[in-house]
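Q: Have a look at this one.
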Amino acid sequence: MSETVAADLVLLDQPFTAPGVRIAIAPAMMRYALRARDPAVLSAVIGRVLPSRIGDVVDGIACLGPDEWLALLPAGTVLENETGQLVSVVDVSCRAVGITVEGPGAVALVATGCPLDVERMAVGRATRTVFETVEIVLWRKAVDAFHIDVWRSFAPWLGAALVAGSPS
Amino acid sequence: MLLIHCPYCEEDRPEVEFVNGGQAHIARPADPSSESDADWEKYLYIRRNPRGRHHERWRHIHGCGRFFNAVRDTVSDRFETTYKAGEPAK
């Protein structure tokens, strides 16, 4: 990869498999950036339960910070945002790309670039963190399955880095 | 790797998720136009640079995004404690 410059990288156009790991682009989904001082108001506006503890996920809505949530919902899901309330519900569906990493080697692969103690991350938790120098949202969906949400312009590099880090 | 306890996430998180925000507990004067030049300079530029215990602002920029305060030893680089923004100095 040393002769490849970042601009030449292309996003994984088909799933990549290596011993114990499978990397693929996640299907298109709806993403909402949710902000509110008072979670109860936001919860009432969108009609969904919000996780209160940072890192928890409830029905696809992850709590990233004390007043910040990221909703990762199936394509076509629409959240109410014309409310006049002091909350922010912003459609950011096209901002990021989802990359799924699955298989018995998933933990080791994510750990090649993520400084968190990935093995100890509880199933069902999600957090903003970094992979090398790229900011990601890491969601552990199962013991051996991760969803990585990464901003679109970083996605080709991240895909290449995950492929490069896979066992051969 | 250095681990920093984020008081909002309530977890020990890797150092690379954080950025330093300079000395903590510097209050902006309520009425800047009544400040003397010397006092204003002191507020803007004059900072402590202690050898040892230092109160600092840190931001969990690649995590919850929040600023918080920390007490760090500038010699050993050990974090003594961290606490939420707005809480009294420890």
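For the structure tokens, the naming scheme is as follows: chains receive sequential letters (A, B, ...) according to their order of presentation, residues are indexed from 1 within each chain, and ligands are indexed from 1 in presentation order.
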Would you list which chain B residues are within 9 Å of chain A using only C-alpha atoms, as a list of chain:residue names?
A: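 Those within range of chain A come out as B:Met1, B:Tyr8, B:Cys9, B:Glu10, B:Arg13, B:Pro14, B:Glu15, B:Val16, B:Glu17, B:Ile61, B:His62, B:Gly63, B:Cys64, B:Gly65, B:Arg66.
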Q: Would you list the contacts of B:Arg59 as a VMD selection string, taking every protein, DNA or RNA residue within 6 Å and counting only C-alpha atoms, but skipping same-chain residues closer than 4 positions in sequence?
A: chain B and resid 18 to 19 66 to 67
Q: Which residues are near A:Asp13? Cut-off 10 Å, only C-alpha atoms, ignore same chain within fewer than 2 positions. Put them as a list in words.
A: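 Returned residues: Val10, Leu11, Pro15, Phe16, Ala24 and Ile25 of chain A.
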Q: Could you please write out, as a VMD selection string, every residue of chain B that DSSP assigns to helix (DSSP H, G or I)?
A: chain B and resid 15 to 17 32 to 34 37 to 45
Q: Please provide the set of residues having any atom within 10 Å of A:Thr17, restricted to only C-alpha atoms, with same-chain residues fewer than 5 positions apart removed, written as a PyMOL selection string.
A: chain A and resi 22-24+101-103+163+166-168
Q: Let me see the file: selected residues, N, CA and C atoms, as a PDB file, in the first residue's frame.
A:
```
ATOM      1  N   ARG A  22     -15.061 -10.640   7.945  1.00  0.00           N
ATOM      2  CA  ARG A  22     -15.726 -10.187   6.736  1.00  0.00           C
ATOM      3  C   ARG A  22     -16.009  -8.691   6.879  1.00  0.00           C
ATOM      4  N   ILE A  23     -15.590  -7.920   5.867  1.00  0.00           N
ATOM      5  CA  ILE A  23     -15.766  -6.466   5.903  1.00  0.00           C
ATOM      6  C   ILE A  23     -16.693  -6.088   4.758  1.00  0.00           C
ATOM      7  N   ALA A  24     -17.727  -5.302   5.046  1.00  0.00           N
ATOM      8  CA  ALA A  24     -18.673  -4.922   3.996  1.00  0.00           C
ATOM      9  C   ALA A  24     -19.228  -3.536   4.278  1.00  0.00           C
ATOM     10  N   VAL A 101     -17.952  -5.026  10.296  1.00  0.00           N
ATOM     11  CA  VAL A 101     -16.830  -5.948  10.469  1.00  0.00           C
ATOM     12  C   VAL A 101     -17.359  -7.115  11.288  1.00  0.00           C
ATOM     13  N   GLU A 102     -17.343  -8.302  10.701  1.00  0.00           N
ATOM     14  CA  GLU A 102     -17.938  -9.458  11.362  1.00  0.00           C
ATOM     15  C   GLU A 102     -16.999 -10.654  11.325  1.00  0.00           C
ATOM     16  N   GLY A 103     -17.187 -11.527  12.296  1.00  0.00           N
ATOM     17  CA  GLY A 103     -16.427 -12.773  12.320  1.00  0.00           C
ATOM     18  C   GLY A 103     -15.601 -12.889  13.579  1.00  0.00           C
ATOM     19  N   VAL A 163      -8.909  -3.590   5.401  1.00  0.00           N
ATOM     20  CA  VAL A 163      -8.476  -4.680   4.522  1.00  0.00           C
ATOM     21  C   VAL A 163      -6.995  -4.988   4.771  1.00  0.00           C
ATOM     22  N   SER A 166      -6.380  -6.983   7.925  1.00  0.00           N
ATOM     23  CA  SER A 166      -6.978  -8.316   8.043  1.00  0.00           C
ATOM     24  C   SER A 166      -5.916  -9.398   7.973  1.00  0.00           C
ATOM     25  N   PRO A 167      -6.189 -10.529   8.644  1.00  0.00           N
ATOM     26  CA  PRO A 167      -5.244 -11.629   8.549  1.00  0.00           C
ATOM     27  C   PRO A 167      -5.193 -12.168   7.122  1.00  0.00           C
ATOM     28  N   SER A 168      -4.021 -12.584   6.691  1.00  0.00           N
ATOM     29  CA  SER A 168      -3.921 -13.083   5.315  1.00  0.00           C
ATOM     30  C   SER A 168      -3.880 -14.603   5.327  1.00  0.00           C
TER      31      SER A 168
END
```
Q: Mind giving me the straight-line distance from atom CA of B:Ile26 to atom CA of B:Val71 in Å, one decimal?
A: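 A separation of 14.5 Å between them.
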Q: Go ahead and compute the interatomic distance for atom CA of A:Gly105 and atom CA of A:Leu72, in Å to one decimal.
A: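 It comes out at 24.4 Å.
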Q: Excluding B:Pro7 and its own-chain neighbours fewer than 5 positions away, which residues fall within 7 Å of it when counting only C-alpha atoms? Please give them as a PyMOL selection string.
A: chain B and resi 82-84
Q: As a PyMOL selection string, list the residues of chain A assigned to strand (DSSP E or B) by DSSP on the backbone atoms of this structure.
A: chain A and resi 16-18+21-25+29-36+57-58+61-65+68-74+87-91+96-102+126-131+134-142+145-151
Q: Show which residues sit within 10 Å of A:Asn81, as a list in words. Count only C-alpha atoms, and ignore same-chain residues fewer than 3 positions away.
A: Leu34, Leu42, Val45, Ile46, Val78, Gly84, Gln85, Val87, Ser88, Val89, Val90 and Asp91 of chain A
Q: For atom CA of A:Phe131 and atom CA of A:Ile148, determine how far apart the two atoms are, in Å to one decimal place.
A: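 Interatomic distance, atom CA of A:Phe131 to atom CA of A:Ile148: 9.7 Å.
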Q: Determine, counting only C-alpha atoms, which protein, DNA and RNA residues have an atom within 8 Å of an atom of A:Arg31; residues of the same chain fewer than 4 positions away are not included. Present the result as a PyMOL selection string.
A: chain A and resi 70-73+91-94
Q: Counting only C-alpha atoms, which of A:Leu162, A:Trp157, A:Ala145, A:Thr112 gets nearest to A:Asp8?
A: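 Ranked by minimum distance to A:Asp8, first place goes to A:Trp157.
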